$ cat work.pdb   # PDB, C-alpha atoms
ATOM      1  CA  MET T 102      13.567 108.961  46.313
ATOM      2  CA  GLY T 103      16.095 108.574  49.105
ATOM      3  CA  THR T 104      19.522 110.143  48.810
ATOM      4  CA  GLU T 105      22.664 109.201  50.699
ATOM      5  CA  ILE T 106      25.286 111.920  51.206
ATOM      6  CA  GLU T 107      28.282 110.444  52.948
ATOM      7  CA  ARG T 108      31.997 110.904  53.607
ATOM      8  CA  LYS T 109      34.368 108.050  54.537
ATOM      9  CA  PHE T 110      37.710 108.062  56.332
ATOM     10  CA  LEU T 111      40.273 105.541  57.485
ATOM     11  CA  VAL T 112      40.444 105.371  61.274
ATOM     12  CA  ILE T 113      43.954 105.912  62.630
ATOM     13  CA  ALA T 114      43.464 105.804  66.422
ATOM     14  CA  ASP T 115      41.286 104.033  69.002
ATOM     15  CA  ASP T 116      40.153 106.996  71.098
ATOM     16  CA  TRP T 117      36.747 106.931  69.333
ATOM     17  CA  ARG T 118      35.939 103.942  71.569
ATOM     18  CA  GLU T 119      35.613 106.239  74.603
ATOM     19  CA  LYS T 120      32.445 107.749  73.132
ATOM     20  CA  ALA T 121      31.139 104.718  71.231
ATOM     21  CA  GLY T 122      27.824 103.085  71.891
ATOM     22  CA  PRO T 123      27.513  99.310  71.902
ATOM     23  CA  GLY T 124      28.605  97.688  68.678
ATOM     24  CA  GLN T 125      26.196  95.943  66.332
ATOM     25  CA  PRO T 126      27.510  92.959  64.344
ATOM     26  CA  LEU T 127      26.607  93.148  60.648
ATOM     27  CA  ARG T 128      26.870  90.655  57.824
ATOM     28  CA  GLN T 129      26.321  91.842  54.297
ATOM     29  CA  GLY T 130      26.708  90.671  50.750
ATOM     30  CA  TYR T 131      26.102  92.015  47.271
ATOM     31  CA  LEU T 132      23.973  90.707  44.431
ATOM     32  CA  THR T 133      25.380  93.270  41.976
ATOM     33  CA  PRO T 134      28.642  94.716  43.288
ATOM     34  CA  LYS T 135      29.995  96.056  39.987
ATOM     35  CA  GLY T 136      28.718  98.882  37.882
ATOM     36  CA  THR T 137      26.911 102.029  38.899
ATOM     37  CA  THR T 138      24.145 100.289  40.875
ATOM     38  CA  SER T 139      24.647  97.968  43.823
ATOM     39  CA  VAL T 140      22.120  95.695  45.507
ATOM     40  CA  ARG T 141      23.015  94.732  49.072
ATOM     41  CA  ILE T 142      21.654  92.252  51.591
ATOM     42  CA  ARG T 143      22.417  93.113  55.237
ATOM     43  CA  CYS T 144      21.665  91.167  58.396
ATOM     44  CA  ALA T 145      21.793  93.053  61.687
ATOM     45  CA  ALA T 146      20.662  91.042  64.740
ATOM     46  CA  ALA T 147      16.945  90.314  64.310
ATOM     47  CA  GLU T 148      16.549  92.562  61.251
ATOM     48  CA  ALA T 149      17.516  92.303  57.605
ATOM     49  CA  PHE T 150      17.451  94.769  54.731
ATOM     50  CA  LEU T 151      17.653  94.908  50.954
ATOM     51  CA  THR T 152      19.364  98.134  49.862
ATOM     52  CA  ILE T 153      19.688  99.477  46.344
ATOM     53  CA  LYS T 154      22.215 102.253  45.692
ATOM     54  CA  GLY T 155      22.616 104.137  42.438
ATOM     55  CA  GLU T 156      25.490 105.949  40.785
ATOM     56  CA  THR T 157      27.459 108.391  42.923
ATOM     57  CA  HIS T 158      27.486 112.066  41.906
ATOM     58  CA  GLY T 159      29.962 113.938  44.087
ATOM     59  CA  LEU T 160      29.115 112.847  47.644
ATOM     60  CA  ALA T 161      25.490 111.903  46.881
ATOM     61  CA  ARG T 162      23.764 108.895  45.412
ATOM     62  CA  PRO T 163      20.223 107.541  45.342
ATOM     63  CA  GLU T 164      19.488 104.950  48.016
ATOM     64  CA  PHE T 165      16.420 102.790  48.688
ATOM     65  CA  GLU T 166      16.189 100.398  51.641
ATOM     66  CA  TYR T 167      13.557  97.787  52.460
ATOM     67  CA  GLU T 168      13.202  95.495  55.447
ATOM     68  CA  ILE T 169      13.025  91.824  54.467
ATOM     69  CA  PRO T 170      12.588  88.589  56.457
ATOM     70  CA  VAL T 171      15.820  87.534  58.197
ATOM     71  CA  ALA T 172      15.546  83.915  57.010
ATOM     72  CA  GLU T 173      15.314  85.061  53.390
ATOM     73  CA  ALA T 174      18.255  87.445  53.836
ATOM     74  CA  GLU T 175      20.383  84.650  55.310
ATOM     75  CA  GLU T 176      19.486  82.398  52.377
ATOM     76  CA  MET T 177      20.399  85.135  49.891
ATOM     77  CA  LEU T 178      23.742  85.719  51.655
ATOM     78  CA  LEU T 179      24.536  82.018  51.266
ATOM     79  CA  THR T 180      23.249  81.405  47.758
ATOM     80  CA  LEU T 181      22.992  84.607  45.713
ATOM     81  CA  CYS T 182      25.657  87.030  46.895
ATOM     82  CA  ILE T 183      29.054  87.355  45.259
ATOM     83  CA  GLY T 184      31.826  86.072  47.532
ATOM     84  CA  PRO T 185      31.625  85.475  51.255
ATOM     85  CA  PRO T 186      29.650  88.028  53.292
ATOM     86  CA  LEU T 187      31.450  91.021  54.747
ATOM     87  CA  GLU T 188      31.652  90.860  58.510
ATOM     88  CA  LYS T 189      31.960  93.963  60.646
ATOM     89  CA  THR T 190      30.829  95.531  63.874
ATOM     90  CA  ARG T 191      29.337  99.001  63.603
ATOM     91  CA  TYR T 192      29.697 101.504  66.419
ATOM     92  CA  ARG T 193      27.910 104.855  66.653
ATOM     93  CA  VAL T 194      29.997 107.780  67.861
ATOM     94  CA  GLU T 195      28.775 111.345  68.429
ATOM     95  CA  HIS T 196      31.231 114.038  67.385
ATOM     96  CA  GLY T 197      30.817 117.661  66.355
ATOM     97  CA  GLY T 198      27.021 117.448  66.321
ATOM     98  CA  LEU T 199      27.023 114.478  63.920
ATOM     99  CA  THR T 200      26.703 110.736  64.347
ATOM    100  CA  TRP T 201      29.634 108.803  62.934
ATOM    101  CA  ASP T 202      29.453 105.098  62.052
ATOM    102  CA  VAL T 203      32.731 103.355  62.804
ATOM    103  CA  ASP T 204      32.972  99.953  61.100
ATOM    104  CA  VAL T 205      35.485  97.500  62.547
ATOM    105  CA  PHE T 206      35.927  94.740  59.986
ATOM    106  CA  SER T 207      36.611  91.121  60.855
ATOM    107  CA  GLY T 208      37.114  88.004  58.763
ATOM    108  CA  ARG T 209      39.307  88.567  55.719
ATOM    109  CA  HIS T 210      39.333  92.338  56.328
ATOM    110  CA  ALA T 211      40.343  92.118  60.001
ATOM    111  CA  GLY T 212      42.244  95.235  61.059
ATOM    112  CA  LEU T 213      40.458  97.574  58.647
ATOM    113  CA  VAL T 214      38.483 100.319  60.413
ATOM    114  CA  ILE T 215      36.484 102.884  58.437
ATOM    115  CA  ALA T 216      34.449 105.817  59.761
ATOM    116  CA  GLU T 217      31.634 107.327  57.761
ATOM    117  CA  VAL T 218      29.357 110.243  58.409
ATOM    118  CA  GLU T 219      26.070 110.973  56.646
ATOM    119  CA  LEU T 220      25.318 114.567  55.787
ATOM    120  CA  ILE T 221      22.226 116.601  55.018
ATOM    121  CA  GLU T 222      23.945 118.379  52.115
ATOM    122  CA  ALA T 223      27.242 117.905  50.311
ATOM    123  CA  ALA T 224      28.612 121.316  51.350
ATOM    124  CA  GLN T 225      27.884 120.700  55.047
ATOM    125  CA  HIS T 226      30.797 121.492  57.378
ATOM    126  CA  VAL T 227      32.246 118.439  59.134
ATOM    127  CA  ASP T 228      34.374 118.795  62.254
ATOM    128  CA  LEU T 229      36.836 115.953  61.746
ATOM    129  CA  PRO T 230      37.669 113.956  64.873
ATOM    130  CA  SER T 231      41.322 113.339  65.765
ATOM    131  CA  TRP T 232      40.885 109.607  65.176
ATOM    132  CA  VAL T 233      40.242 109.869  61.420
ATOM    133  CA  GLY T 234      42.972 110.028  58.821
ATOM    134  CA  LEU T 235      42.908 109.740  55.054
ATOM    135  CA  GLU T 236      39.562 110.483  53.416
ATOM    136  CA  VAL T 237      38.556 107.588  51.140
ATOM    137  CA  THR T 238      35.135 108.836  50.042
ATOM    138  CA  ASN T 239      36.123 108.815  46.377
ATOM    139  CA  ASP T 240      38.372 105.757  46.491
ATOM    140  CA  PRO T 241      36.276 102.917  45.028
ATOM    141  CA  ARG T 242      38.453 100.295  46.773
ATOM    142  CA  TYR T 243      36.866 101.246  50.099
ATOM    143  CA  ARG T 244      33.255 100.840  49.025
ATOM    144  CA  ASN T 245      31.705  97.896  50.811
ATOM    145  CA  ALA T 246      30.690  96.342  47.498
ATOM    146  CA  ALA T 247      34.340  96.392  46.385
ATOM    147  CA  LEU T 248      35.516  94.995  49.724
ATOM    148  CA  ALA T 249      32.994  92.165  49.429
ATOM    149  CA  GLU T 250      34.535  90.911  46.206
ATOM    150  CA  GLY T 251      37.996  92.424  46.102
ATOM    151  CA  ASP T 252      41.394  92.186  47.604
ATOM    152  CA  VAL T 253      42.058  92.683  51.258
ATOM    153  CA  LEU T 254      43.131  96.266  51.966
ATOM    154  CA  PRO T 255      45.691  97.105  54.619
ATOM    155  CA  PRO T 256      44.450  98.891  57.736
ATOM    156  CA  ALA T 257      45.402 102.535  58.271
ATOM    157  CA  SER T 258      48.627 103.061  60.142
ATOM    158  CA  PRO T 259      48.830 105.630  62.948
TER     159      PRO T 259
END
$ encode --input "work.pdb" --output "structure tokens"
Amino acid sequence: MGTEIERKFLVIADDWREKAGPGQPLRQGYLTPKGTTSVRIRCAAAEAFLTIKGETHGLARPEFEYEIPVAEAEEMLLTLCIGPPLEKTRYRVEHGGLTWDVDVFSGRHAGLVIAEVELIEAAQHVDLPSWVGLEVTNDPRYRNAALAEGDVLPPASP
């Protein structure tokens, strides 16, 4: 079984861009956004994935991911997913010995920028970069599944 251990933060400054790699546009939608289990379809360039995530316990939750044909993923995004797909560009940023994913949302969530970092264990020390603000790990409004079907959230203010 795969396990995801992750922390999420609102991004409050743009200086992360100095260390960012090239961005990767992502489109994703959810077949089951509510409840303790989510099933996500994600298209990233010439690849697509089906991801199943279980109930969160602290910072950890079970996660299973499978590559699927892009054409099928695109069809599922159009016909099976709840609401319009989320649109964002993901940037990888190295900081404090960890790789951070910085998601810059577009479409109906334009202006929202969230940074997340995956950990090996929940108690792992994280050196927070100056460009992150409020931690939203435990705020369900900032889960991608909630963003896909919910209200537009305001971006973080500096």
$ resolve_selection --input "work.pdb" --expression "the PyMOL selection byres ((chain T and resi 137) around 7)" --output "PyMOL selection string"
chain T and resi 135-136+138-139+155-156
$ closest_residue --input "work.pdb" --among "T:Ile113, T:Leu179, T:Leu187, T:Ile221" --to "Ser207 of chain T" --atoms "all atoms listed in the file"
T:Leu187
$ closest_residue --input "work.pdb" --among "T:Val205, T:Leu111, T:Leu199, T:Leu235" --to "Leu220 of chain T" --atoms "all atoms listed in the file"
T:Leu199
$ residues_around --input "work.pdb" --residues "Pro163 of chain T" --least-positions-apart "5" --cutoff "9 Å" --atoms "all atoms listed in the file" --output "list in words"
Met102, Gly103, Thr104, Glu105, Ile106, Ile153, Lys154, Gly155, Glu156 and Thr157 of chain T
$ residues_near_point --input "work.pdb" --point "(19.4, 90.0, 59.8)" --cutoff "9 Å" --atoms "all atoms listed in the file" --output "list of chain:residue names"
T:Leu127, T:Arg128, T:Ile142, T:Arg143, T:Cys144, T:Ala145, T:Ala146, T:Ala147, T:Glu148, T:Ala149, T:Phe150, T:Ile169, T:Pro170, T:Val171, T:Ala172, T:Ala174, T:Glu175
$ residues_around --input "work.pdb" --residues "Ala216 of chain T" --least-positions-apart "5" --cutoff "8 Å" --atoms "only C-alpha atoms" --output "PyMOL selection string"
chain T and resi 109-112+201-204+233
$ closest_residue --input "work.pdb" --among "T:Met177, T:Ala161, T:Val140, T:Ile215" --to "Trp117 of chain T" --atoms "all atoms listed in the file"
T:Ile215
